[in-house]
file upload-v6.cif (mmCIF, C-alpha atoms)
data_entry
loop_
_atom_site.label_atom_id
_atom_site.label_comp_id
_atom_site.auth_asym_id
_atom_site.auth_seq_id
_atom_site.Cartn_x
_atom_site.Cartn_y
_atom_site.Cartn_z
CA MET A 745 57.41 -26.00 71.67
CA SER A 746 54.64 -23.43 72.09
CA VAL A 747 51.63 -23.99 74.34
CA VAL A 748 48.62 -21.77 73.57
CA LEU A 749 46.33 -21.36 76.58
CA ALA A 750 43.10 -19.53 75.76
CA THR A 751 41.08 -17.98 78.58
CA TYR A 752 37.47 -16.96 78.12
CA ASN A 753 35.39 -17.06 81.32
CA ARG A 754 36.98 -19.21 84.03
CA ALA A 755 39.37 -17.08 86.05
CA ASP A 756 38.62 -19.26 89.09
CA VAL A 757 40.36 -22.25 87.45
CA LEU A 758 42.91 -20.47 85.26
CA GLY A 759 45.61 -20.95 87.88
CA ARG A 760 45.03 -24.71 87.88
CA ALA A 761 45.44 -24.88 84.10
CA ILE A 762 48.66 -22.86 84.19
CA ARG A 763 50.09 -25.01 86.99
CA SER A 764 49.35 -28.19 85.01
CA VAL A 765 51.35 -26.81 82.07
CA LEU A 766 54.28 -25.58 84.17
CA ALA A 767 54.44 -28.97 85.94
CA GLN A 768 55.21 -30.85 82.70
CA THR A 769 58.17 -33.21 82.73
CA TYR A 770 58.99 -31.82 79.26
CA SER A 771 60.05 -28.29 80.11
CA ASP A 772 61.37 -26.77 76.87
CA PHE A 773 58.33 -24.68 75.90
CA GLU A 774 56.83 -21.22 75.91
CA LEU A 775 53.38 -20.77 77.43
CA ILE A 776 51.34 -18.18 75.54
CA VAL A 777 48.31 -17.09 77.56
CA ILE A 778 45.67 -15.38 75.40
CA ASP A 779 43.26 -13.43 77.60
CA SER A 780 39.94 -12.79 75.84
CA GLY A 781 38.39 -10.73 78.61
CA THR A 782 38.57 -13.00 81.65
CA ASP A 783 38.37 -10.96 84.86
CA ASN A 784 41.65 -10.82 86.79
CA ALA A 785 43.43 -13.06 84.29
CA ASP A 786 46.38 -10.65 84.16
CA GLU A 787 46.78 -10.80 87.94
CA ILE A 788 46.59 -14.61 87.96
CA VAL A 789 49.22 -14.87 85.22
CA ALA A 790 51.46 -12.34 86.98
CA SER A 791 51.38 -14.46 90.14
CA PHE A 792 53.49 -17.08 88.31
CA ASP A 793 57.15 -16.10 88.24
CA ASP A 794 58.20 -18.11 85.21
CA PRO A 795 60.06 -16.66 82.21
CA ARG A 796 58.41 -19.17 79.88
CA ILE A 797 55.05 -17.36 80.17
CA ARG A 798 53.95 -14.79 77.61
CA TYR A 799 50.71 -12.89 78.24
CA LEU A 800 48.62 -11.30 75.47
CA ARG A 801 45.22 -9.67 75.76
CA GLN A 802 42.64 -9.77 72.96
CA LYS A 803 39.12 -8.41 72.80
CA PRO A 804 36.56 -11.23 73.03
CA GLN A 805 36.24 -12.87 69.61
CA GLY A 806 35.83 -16.53 70.52
CA LEU A 807 38.18 -19.45 71.07
CA GLY A 808 39.09 -19.71 67.39
CA ALA A 809 40.43 -16.16 67.31
CA ALA A 810 42.31 -16.62 70.58
CA ARG A 811 44.00 -19.80 69.37
CA ASN A 812 44.82 -18.20 66.00
CA LEU A 813 46.56 -15.32 67.74
CA GLY A 814 48.56 -17.78 69.79
CA ILE A 815 49.55 -19.69 66.66
CA ASP A 816 50.57 -16.47 64.89
CA VAL A 817 52.98 -15.43 67.64
CA ALA A 818 54.25 -18.95 68.46
CA ARG A 819 57.99 -19.28 68.06
CA ALA A 820 58.11 -23.08 67.89
CA GLU A 821 57.29 -25.63 65.21
CA LEU A 822 55.15 -27.76 67.54
CA ILE A 823 52.02 -26.27 69.11
CA ALA A 824 49.82 -27.58 71.93
CA PHE A 825 46.49 -26.14 73.09
CA GLN A 826 45.10 -25.71 76.57
CA ASP A 827 41.93 -24.04 77.90
CA ASP A 828 41.41 -22.40 81.26
CA ASP A 829 39.04 -25.07 82.61
CA ASP A 830 41.22 -28.08 81.70
CA GLU A 831 44.35 -29.69 83.14
CA TRP A 832 47.13 -31.96 81.91
CA GLN A 833 48.86 -35.00 83.32
CA PRO A 834 52.56 -34.18 84.04
CA THR A 835 53.85 -36.51 81.29
CA LYS A 836 51.53 -35.28 78.53
CA LEU A 837 54.07 -33.29 76.52
CA THR A 838 56.90 -35.78 77.03
CA LYS A 839 54.83 -38.66 75.67
CA GLN A 840 53.44 -36.66 72.77
CA VAL A 841 56.78 -35.20 71.73
CA ASP A 842 58.23 -38.72 71.70
CA ALA A 843 55.26 -39.92 69.64
CA ILE A 844 55.47 -37.17 67.03
CA ARG A 845 59.26 -37.52 66.68
CA ASN A 846 58.93 -41.26 66.07
CA ALA A 847 55.92 -40.99 63.76
CA PRO A 848 56.06 -41.02 59.95
CA GLU A 849 56.41 -37.66 58.23
CA SER A 850 52.77 -37.94 57.11
CA VAL A 851 51.60 -37.52 60.73
CA GLY A 852 50.81 -33.90 61.50
CA VAL A 853 48.85 -34.29 64.74
CA VAL A 854 49.38 -36.36 67.87
CA TYR A 855 46.52 -36.39 70.36
CA SER A 856 45.51 -38.40 73.40
CA THR A 857 42.42 -39.63 75.15
CA VAL A 858 40.72 -37.03 77.37
CA GLN A 859 38.82 -37.65 80.58
CA LYS A 860 35.68 -35.48 80.74
CA ILE A 861 33.99 -34.66 84.05
CA GLN A 862 30.58 -33.04 84.50
CA ASN A 863 28.32 -33.05 87.56
CA GLY A 864 30.18 -35.95 89.14
CA GLN A 865 30.01 -38.10 86.01
CA GLN A 866 33.03 -38.99 83.93
CA TRP A 867 33.67 -40.48 80.51
CA TRP A 868 36.54 -40.78 78.07
CA VAL A 869 36.99 -39.62 74.45
CA PRO A 870 37.69 -41.40 72.19
CA ASN A 871 36.03 -44.50 73.55
CA GLU A 872 35.58 -48.11 72.47
CA ASN A 873 32.92 -47.07 69.93
CA THR A 874 35.42 -45.01 67.91
CA THR A 875 36.30 -47.30 65.04
CA GLN A 876 39.57 -45.62 63.99
CA THR A 877 41.79 -43.33 66.04
CA SER A 878 45.06 -43.15 64.04
CA GLY A 879 46.07 -42.74 60.43
CA SER A 880 43.83 -41.06 57.88
CA LEU A 881 40.82 -40.01 59.95
CA VAL A 882 38.68 -38.41 57.24
CA PRO A 883 35.74 -40.88 57.38
CA ALA A 884 35.94 -41.22 61.17
CA LEU A 885 35.84 -37.43 61.68
CA TRP A 886 32.83 -37.14 59.37
CA ARG A 887 30.81 -38.94 62.02
CA HIS A 888 31.85 -37.07 65.16
CA ASN A 889 34.72 -35.18 66.76
CA PHE A 890 36.82 -37.30 69.10
CA VAL A 891 39.98 -35.15 68.94
CA SER A 892 39.78 -32.81 71.92
CA PRO A 893 41.87 -29.65 71.48
CA GLN A 894 43.48 -29.81 74.94
CA THR A 895 45.01 -33.17 73.93
CA VAL A 896 46.49 -32.01 70.61
CA LEU A 897 50.10 -31.52 69.64
CA ILE A 898 50.22 -30.22 66.06
CA LYS A 899 52.97 -29.25 63.65
CA LYS A 900 52.80 -25.58 62.83
CA ARG A 901 53.17 -26.38 59.14
CA CYS A 902 49.80 -28.15 59.29
CA VAL A 903 48.16 -24.85 60.20
CA GLU A 904 50.19 -23.01 57.57
CA THR A 905 48.97 -25.55 54.99
CA VAL A 906 45.24 -25.64 55.78
CA GLY A 907 44.69 -22.31 57.55
CA GLY A 908 43.78 -21.56 61.16
CA PHE A 909 40.60 -22.01 63.14
CA ASP A 910 37.41 -20.68 61.52
CA GLU A 911 36.68 -17.58 63.60
CA SER A 912 33.13 -17.29 62.29
CA LEU A 913 32.03 -20.41 64.20
CA PRO A 914 30.52 -19.94 67.68
CA ALA A 915 31.52 -23.50 68.68
CA LEU A 916 33.06 -26.72 67.26
CA GLU A 917 35.85 -24.71 65.63
CA ASP A 918 38.26 -27.47 66.62
CA TRP A 919 36.26 -30.15 64.78
CA GLU A 920 36.11 -28.01 61.65
CA MET A 921 39.87 -27.51 61.83
CA TRP A 922 40.57 -31.25 62.15
CA LEU A 923 38.32 -31.95 59.16
CA ARG A 924 40.61 -29.76 57.06
CA VAL A 925 43.83 -31.08 58.55
CA ALA A 926 42.73 -34.68 57.93
CA GLN A 927 42.47 -34.01 54.21
CA THR A 928 46.26 -33.66 54.04
CA PHE A 929 47.83 -35.09 57.21
CA GLU A 930 47.50 -38.21 59.34
CA PHE A 931 46.79 -38.33 63.08
CA GLU A 932 48.36 -40.50 65.77
CA HIS A 933 46.53 -41.36 68.99
CA VAL A 934 48.26 -41.86 72.35
CA ASP A 935 45.90 -44.30 74.07
CA GLU A 936 46.09 -42.74 77.52
CA ALA A 937 44.07 -40.02 79.27
CA LEU A 938 46.72 -37.30 79.36
CA ALA A 939 44.22 -34.45 79.85
CA THR A 940 41.11 -33.78 81.91
CA ALA A 941 38.30 -31.47 80.78
CA HIS A 942 36.06 -30.05 83.49
CA ILE A 943 32.70 -29.21 81.92
CA SER A 944 30.72 -26.52 83.73
CA GLU A 945 27.24 -25.15 83.12
CA ASP A 946 28.69 -22.16 81.23
CA SER A 947 31.03 -24.29 79.14
CA MET A 948 30.86 -23.92 75.37
CA SER A 949 30.17 -27.65 75.09
CA VAL A 950 26.73 -27.23 76.72
CA ASP A 951 25.70 -24.10 74.77
CA TYR A 952 23.06 -25.81 72.64
CA GLU A 953 22.27 -22.79 70.47
CA SER A 954 25.92 -22.22 69.55
CA LEU A 955 26.39 -25.92 68.90
CA ALA A 956 23.39 -26.03 66.57
CA VAL A 957 24.54 -22.97 64.62
CA ALA A 958 28.11 -24.28 64.34
CA ARG A 959 27.13 -27.82 63.34
CA ASP A 960 24.80 -26.45 60.66
CA ALA A 961 27.56 -24.20 59.26
CA ILE A 962 30.15 -26.99 59.28
CA VAL A 963 27.99 -29.59 57.54
CA ARG A 964 27.15 -27.08 54.81
CA LYS A 965 30.80 -26.02 54.43
CA HIS A 966 32.06 -29.61 54.20
CA ARG A 967 29.03 -31.33 52.71
CA HIS A 968 30.87 -32.12 49.49
CA THR A 969 33.38 -34.23 51.46
CA PHE A 970 30.88 -36.05 53.74
CA ASP A 971 29.01 -39.24 52.98
CA GLU A 972 25.20 -38.98 53.01
CA GLU A 973 24.84 -40.82 56.31
CA SER A 974 27.06 -38.24 58.03
CA VAL A 975 25.28 -35.35 56.31
CA ALA A 976 21.93 -36.67 57.55
CA ARG A 977 23.21 -37.21 61.08
CA HIS A 978 24.58 -33.68 61.45
CA LEU A 979 21.56 -32.06 59.84
CA PHE A 980 19.41 -34.01 62.30
CA TRP A 981 21.39 -32.99 65.37
CA SER A 982 21.60 -29.35 64.30
CA GLY A 983 17.87 -29.39 63.59
CA HIS A 984 17.25 -30.94 66.98
CA GLY A 985 19.37 -28.23 68.61
CA PHE A 986 17.46 -25.48 66.81
CA MET A 987 14.17 -26.98 67.98
CA LYS A 988 15.37 -27.15 71.59
CA THR A 989 16.36 -23.47 71.49
CA ASN A 990 13.08 -22.39 69.86
CA ASN A 991 14.44 -21.66 66.38
CA VAL A 992 11.55 -23.66 64.96
CA ASP A 993 11.78 -22.68 61.29
CA GLN A 994 15.47 -23.54 60.99
CA GLY A 995 15.02 -26.66 63.08
CA ARG A 996 12.19 -27.93 60.89
CA ARG A 997 14.16 -27.22 57.71
CA ASN A 998 17.18 -29.15 58.95
CA LEU A 999 15.09 -32.09 60.14
CA ARG A 1000 13.40 -32.22 56.73
CA GLU A 1001 16.81 -32.15 55.00
CA ALA A 1002 18.08 -34.93 57.26
CA LEU A 1003 15.09 -37.08 56.35
CA SER A 1004 15.67 -36.39 52.65
CA ALA A 1005 19.35 -37.33 52.92
CA GLU A 1006 18.63 -40.62 54.72
CA PHE A 1007 15.36 -42.18 55.82
CA ARG A 1008 15.31 -43.22 59.46
CA PRO A 1009 12.27 -43.61 61.73
CA LEU A 1010 13.86 -41.23 64.25
CA TYR A 1011 14.30 -38.53 61.59
CA LEU A 1012 10.71 -38.98 60.42
CA ALA A 1013 9.31 -38.86 63.96
CA SER A 1014 11.38 -35.79 64.82
CA PHE A 1015 10.31 -33.93 61.70
CA ALA A 1016 6.67 -34.79 62.40
CA ALA A 1017 7.05 -33.57 65.99
CA SER A 1018 8.64 -30.32 64.78
CA ILE A 1019 5.41 -29.43 62.98
CA CYS A 1020 3.76 -29.25 66.42
CA GLY A 1021 6.10 -26.47 67.57
CA HIS A 1022 8.84 -25.96 70.13
CA ARG A 1023 7.04 -26.87 73.36
CA LEU A 1024 5.43 -30.06 72.17
CA TYR A 1025 8.63 -31.13 70.41
CA ASN A 1026 10.59 -30.82 73.64
CA ARG A 1027 7.86 -32.56 75.61
CA LEU A 1028 7.86 -35.49 73.21
CA TYR A 1029 11.66 -35.61 73.25
CA SER A 1030 11.66 -35.70 77.07
CA MET A 1031 9.12 -38.51 77.05
CA ARG A 1032 11.27 -40.49 74.60
CA LYS A 1033 14.36 -40.02 76.79
CA SER A 1034 12.49 -41.13 79.91
CA VAL A 1035 11.53 -44.45 78.31
CA GLY A 1036 14.94 -44.98 76.70
#
call {"tool": "encode", "arguments": {"input": "upload-v6.cif", "output": "structure tokens"}}
result
Amino acid sequence: MSVVLATYNRADVLGRAIRSVLAQTYSDFELIVIDSGTDNADEIVASFDDPRIRYLRQKPQGLGAARNLGIDVARAELIAFQDDDDEWQPTKLTKQVDAIRNAPESVGVVYSTVQKIQNGQQWWVPNENTTQTSGSLVPALWRHNFVSPQTVLIKKRCVETVGGFDESLPALEDWEMWLRVAQTFEFEHVDEALATAHISEDSMSVDYESLAVARDAIVRKHRHTFDEESVARHLFWSGHGFMKTNNVDQGRRNLREALSAEFRPLYLASFAASICGHRLYNRLYSMRKSVG
């Protein structure tokens, strides 16, 4: 097995991520650390005296490019992903290897629940609101991404079939990848939190501008496969993100498109608010949140 660990800006926690991989009860793997410009990452990696570790440095090109490099050099047919601000439970790989070996040939991805922690709050993905977590996940993944990359164990032939991560995306490159994988392969969910994601203020998952740009690009790339409800939802949320980051013209266009794809009072109210500009839009949104 090959484990691809991408670093991007969290040298302070990189050691924790590496230790969580090396502590796995399943020990037959190579750990490929892709350093995309993290300060002192080479020194942190060198502090671990373990022959399973391979260290590669790459100029900063985003998580998609880092993971693609790791996939390209991986020697194994099963690939797992880890990021520098996440950690694994010791039995993660053991349980997922067992699951993928016992799964039908149609299963290309095994993933688990992830515990997410931010500012003292915690939640789990997928949760009880996710209607389907195993099998053909095409319709479920239209609606939202509940397959966190640090929980994934994927067959390398899946990547060879559908292509790697889209390096043009500034965020959500994992979701876009799963959308393509789901067109050909099935997923199997291990219903246990085998990974923990620590979300910091500089995490990609709270970069609203990048999220808006990526969601907009993905919905346009895959629009022909989505149902109209999902198209409207993602156009709305990308439009909302553009409005929050003061890209008013693009935000207003996306909110108008969302309303055209599916009429909802929220879409209508948001489009109307967008006409008033960035500041008033955000003020009205804050007022709506405060009253629930």
call {"tool": "residues_around", "arguments": {"input": "upload-v6.cif", "residues": "Met921 of chain A", "least_positions_apart": "6", "cutoff": "12 Å", "atoms": "only C-alpha atoms", "output": "mmCIF file with C-alpha atoms, keeping the file's coordinate frame"}}
result
data_model
loop_
_atom_site.group_PDB
_atom_site.id
_atom_site.type_symbol
_atom_site.label_atom_id
_atom_site.label_comp_id
_atom_site.auth_asym_id
_atom_site.auth_seq_id
_atom_site.Cartn_x
_atom_site.Cartn_y
_atom_site.Cartn_z
ATOM 1 C CA GLY A 808 39.090 -19.710 67.390
ATOM 2 C CA ARG A 811 44.000 -19.800 69.370
ATOM 3 C CA ASN A 812 44.820 -18.200 66.000
ATOM 4 C CA VAL A 853 48.850 -34.290 64.740
ATOM 5 C CA VAL A 882 38.680 -38.410 57.240
ATOM 6 C CA LEU A 885 35.840 -37.430 61.680
ATOM 7 C CA ASN A 889 34.720 -35.180 66.760
ATOM 8 C CA VAL A 891 39.980 -35.150 68.940
ATOM 9 C CA SER A 892 39.780 -32.810 71.920
ATOM 10 C CA PRO A 893 41.870 -29.650 71.480
ATOM 11 C CA VAL A 896 46.490 -32.010 70.610
ATOM 12 C CA ILE A 898 50.220 -30.220 66.060
ATOM 13 C CA CYS A 902 49.800 -28.150 59.290
ATOM 14 C CA VAL A 903 48.160 -24.850 60.200
ATOM 15 C CA THR A 905 48.970 -25.550 54.990
ATOM 16 C CA VAL A 906 45.240 -25.640 55.780
ATOM 17 C CA GLY A 907 44.690 -22.310 57.550
ATOM 18 C CA GLY A 908 43.780 -21.560 61.160
ATOM 19 C CA PHE A 909 40.600 -22.010 63.140
ATOM 20 C CA ASP A 910 37.410 -20.680 61.520
ATOM 21 C CA GLU A 911 36.680 -17.580 63.600
ATOM 22 C CA LEU A 913 32.030 -20.410 64.200
ATOM 23 C CA ALA A 915 31.520 -23.500 68.680
ATOM 24 C CA GLN A 927 42.470 -34.010 54.210
ATOM 25 C CA THR A 928 46.260 -33.660 54.040
ATOM 26 C CA PHE A 929 47.830 -35.090 57.210
ATOM 27 C CA ILE A 962 30.150 -26.990 59.280
ATOM 28 C CA LYS A 965 30.800 -26.020 54.430
ATOM 29 C CA HIS A 966 32.060 -29.610 54.200
#
call {"tool": "resolve_selection", "arguments": {"input": "upload-v6.cif", "expression": "the PyMOL selection byres ((chain A and resi 749) around 6)", "output": "PyMOL selection string"}}
result
chain A and resi 748+750+777+825-827
call {"tool": "residues_near_point", "arguments": {"input": "upload-v6.cif", "point": "(41.2, -11.1, 76.5)", "cutoff": "10 Å", "atoms": "all atoms listed in the file", "output": "list in words"}}
result
Ala750, Thr751, Tyr752, Asn753, Val777, Ile778, Asp779, Ser780, Gly781, Thr782, Asp783, Ala785, Asp786, Tyr799, Leu800, Arg801, Gln802, Lys803, Pro804, Gln805, Gly806 and Ala810 of chain A
call {"tool": "write_last_selection", "arguments": {"input": "upload-v6.cif", "atoms": "C-alpha atoms", "output": "PDB file, in the frame of the given file"}}
result
ATOM      1  CA  ALA A 750      43.100 -19.530  75.760  1.00  0.00           C
ATOM      2  CA  THR A 751      41.080 -17.980  78.580  1.00  0.00           C
ATOM      3  CA  TYR A 752      37.470 -16.960  78.120  1.00  0.00           C
ATOM      4  CA  ASN A 753      35.390 -17.060  81.320  1.00  0.00           C
ATOM      5  CA  VAL A 777      48.310 -17.090  77.560  1.00  0.00           C
ATOM      6  CA  ILE A 778      45.670 -15.380  75.400  1.00  0.00           C
ATOM      7  CA  ASP A 779      43.260 -13.430  77.600  1.00  0.00           C
ATOM      8  CA  SER A 780      39.940 -12.790  75.840  1.00  0.00           C
ATOM      9  CA  GLY A 781      38.390 -10.730  78.610  1.00  0.00           C
ATOM     10  CA  THR A 782      38.570 -13.000  81.650  1.00  0.00           C
ATOM     11  CA  ASP A 783      38.370 -10.960  84.860  1.00  0.00           C
ATOM     12  CA  ALA A 785      43.430 -13.060  84.290  1.00  0.00           C
ATOM     13  CA  ASP A 786      46.380 -10.650  84.160  1.00  0.00           C
ATOM     14  CA  TYR A 799      50.710 -12.890  78.240  1.00  0.00           C
ATOM     15  CA  LEU A 800      48.620 -11.300  75.470  1.00  0.00           C
ATOM     16  CA  ARG A 801      45.220  -9.670  75.760  1.00  0.00           C
ATOM     17  CA  GLN A 802      42.640  -9.770  72.960  1.00  0.00           C
ATOM     18  CA  LYS A 803      39.120  -8.410  72.800  1.00  0.00           C
ATOM     19  CA  PRO A 804      36.560 -11.230  73.030  1.00  0.00           C
ATOM     20  CA  GLN A 805      36.240 -12.870  69.610  1.00  0.00           C
ATOM     21  CA  GLY A 806      35.830 -16.530  70.520  1.00  0.00           C
ATOM     22  CA  ALA A 810      42.310 -16.620  70.580  1.00  0.00           C
TER      23      ALA A 810
END
call {"tool": "atom_distance", "arguments": {"input": "upload-v6.cif", "atom1": "atom CA of Asp830 of chain A", "atom2": "atom CA of Ala941 of chain A"}}
result
4.6 Å
call {"tool": "resolve_selection", "arguments": {"input": "upload-v6.cif", "expression": "the PyMOL selection byres ((chain A and resi 987) around 9)", "output": "count of residues only"}}
result
20
call {"tool": "resolve_selection", "arguments": {"input": "upload-v6.cif", "expression": "the PyMOL selection byres ((chain A and resi 870-879) around 6)", "output": "ChimeraX atom specification"}}
result
/A:857,868-869,880-881,890,930-933
call {"tool": "residues_around", "arguments": {"input": "upload-v6.cif", "residues": "segment 998-1015 of chain A", "least_positions_apart": "6", "cutoff": "6 Å", "atoms": "all atoms listed in the file", "output": "VMD selection string"}}
result
chain A and resid 976 979 to 980 983
call {"tool": "residues_around", "arguments": {"input": "upload-v6.cif", "residues": "Ala937 of chain A", "least_positions_apart": "3", "cutoff": "10 Å", "atoms": "only C-alpha atoms", "output": "ChimeraX atom specification"}}
result
/A:832-833,836,855-860,868-870,895,934,940
call {"tool": "closest_residue", "arguments": {"input": "upload-v6.cif", "among": "A:Gln894, A:Thr838, A:Asn846, A:Ser791", "to": "Ser771 of chain A", "atoms": "all atoms listed in the file"}}
result
A:Thr838
call {"tool": "closest_residue", "arguments": {"input": "upload-v6.cif", "among": "A:Glu917, A:Trp886, A:Arg997, A:Ala1016", "to": "Asp971 of chain A", "atoms": "all atoms listed in the file"}}
result
A:Trp886
call {"tool": "residues_around", "arguments": {"input": "upload-v6.cif", "residues": "Ala761 of chain A", "least_positions_apart": "2", "cutoff": "6 Å", "atoms": "all atoms listed in the file", "output": "compact mmCIF listing (two decimals) with C-alpha atoms, in the frame of the given file"}}
result
# COMPACT_ATOMS: atom_id res chain seq x y z
CA LEU A 758 42.91 -20.47 85.26
CA GLY A 759 45.61 -20.95 87.88
CA ARG A 763 50.09 -25.01 86.99
CA SER A 764 49.35 -28.19 85.01
CA ASP A 828 41.41 -22.40 81.26
CA ASP A 830 41.22 -28.08 81.70
CA GLU A 831 44.35 -29.69 83.14
call {"tool": "atom_distance", "arguments": {"input": "upload-v6.cif", "atom1": "atom CA of Pro883 of chain A", "atom2": "atom CA of Trp981 of chain A"}}
result
18.2 Å
call {"tool": "atom_distance", "arguments": {"input": "upload-v6.cif", "atom1": "atom CA of Ala926 of chain A", "atom2": "atom CA of Glu774 of chain A"}}
result
26.5 Å
